[in-house]
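K.L.:
Dumping the structure here so I can ask a few things about it.
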Amino acid sequence: MGTWSTWSAVIKGWGLRVRTFLFASMSARGGLSSLALLPLLLTAFLYGAEWALRRRYPTPEVGGAIIVSGASSGIGRDAALRLASLGYTVFAGVRTTESGRALRAAATASSGSVWPLQLDVASPASVAAAARNVQARLRGNGHQLVGLVNNAGIGPKTRAGRGGDTVDVTRRTVDVNVLGVVRVTEAFLPLLTRRRASDDDRGGPGRVVNVGSLAGRASRPNDLAYVASKHAVCQAL
């Protein structure tokens with residue numbers, strides 16, 4: 001998940017590099033030169049962008065709840081554990097009980113609060129049941145849903161013209177990677193908008209983050225289904 005703290009660190013890092021270059025240029029030339037004006041303007045732009053983004057997208061207050069789909073492994077697992085370590089209550093979407101136990105054990109070791117959530121994004125019944133489960137837990141502990149991370153996805157190798165089950169695999173990939181995002185977002189959006197109606201000056205509205213891929217920007221061989229699905233996520237959702 002591209003959290004605001006991550007982007008803020010990136011912007012500040014580049015701002016520091018530009019300032020270092022600026023001061024070195026001034027020292028070498030004995031003052032401010034025309035060459036140094038470019039990094040000076042870039043520094044102002046970077047810090048201005050950080051200020052504007054902070055106002056436009058305030059960070060949800062720590063202590064709320066966040067849902068992460070596809071949290072059994074990879075980016076989803078790391079995101080769930082990281083968010084839990086920051087103080088959020090994380091509902092981690094998994095498909096098997098074993099994956100949920102492993103994730104809960106890892107969260108316990110890092111003092112994070114992670115609740116495994118049975119969630120198959122390709123199944124409307126599973127998504128509806130997960131939404132009811134989260135709503136009941138939120139009602140019980142008094143937390144509010146502040147974020148949803150649509151991370152679940154699959155990436156089988158497919159290529160048109162090679163025969164086999166290309167059509168079936170492509171249909172399954174789109175069902176998980178694209179329609180899964182729509183199903184989960186629609187199921188949990190009422191909880192996010194309910195929070196938005198009652199938020200205060202300390203926290204912004206609930207946030208939805210869709211995890212894309214570079215494959216959604218540039219195609220590559222043997223990835224027909226994955227590239228098409230991620231292009232939809234990156235460009236349309």
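Starting from 1 in every chain, residues are counted up; chains themselves are A, B, ... following the order of the structure tokens, and ligands are numbered from 1 as listed.
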When DSSP is applied to the backbone of this structure, which of stretch 143-176 of chain A are assigned alpha helix (DSSP H)? Write them out as a list in words.
P.N.:
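Across stretch 143-176 of chain A, those assigned alpha helix (DSSP H) are Thr166, Val167, Asp168, Val169, Thr170, Arg171, Arg172, Thr173 and Val174 of chain A.
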K.L.:
Excluding same-chain residues fewer than 5 positions from stretch 93-102 of chain A, what lies within 7 Å of it counting only C-alpha atoms, as a PyMOL selection string?
P.N.:
chain A and resi 68-72+116-120
K.L.:
Near A:Arg139, within 12 Å and counting only C-alpha atoms, which residues show up once chain neighbours fewer than 6 positions away are dropped, as an MDAnalysis selection string?
P.N.:
chainID A and resid 65 132:133 145 191
K.L.:
Considering only C-alpha atoms, return as a ChimeraX atom specification whatever protein or nucleic-acid residues lie within 10 Å of A:Ser229, sequence-local ones (same chain, fewer than 3 positions apart) excluded.
P.N.:
/A:153-155,170-171,173-179,212-213,215-216,223-226,232-234
K.L.:
Please report the interatomic distance between atom CA of A:Trp115 and atom CA of A:Ala131 in Å with one decimal.
P.N.:
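Between atom CA of A:Trp115 and atom CA of A:Ala131 the gap works out to 13.4 Å.
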K.L.:
Counting only C-alpha atoms, which residue out of A:Ile66, A:Val227, A:Leu138, A:Val181 sits closest to A:Pro156?
P.N.:
A:Val227
K.L.:
Considering only C-alpha atoms, return as a list of chain:residue names whatever protein or nucleic-acid residues lie within 9 Å of A:Gln235, sequence-local ones (same chain, fewer than 4 positions apart) excluded.
P.N.:
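In the requested form, the answer reads A:Gly216, A:Arg217, A:Lys230, A:His231.
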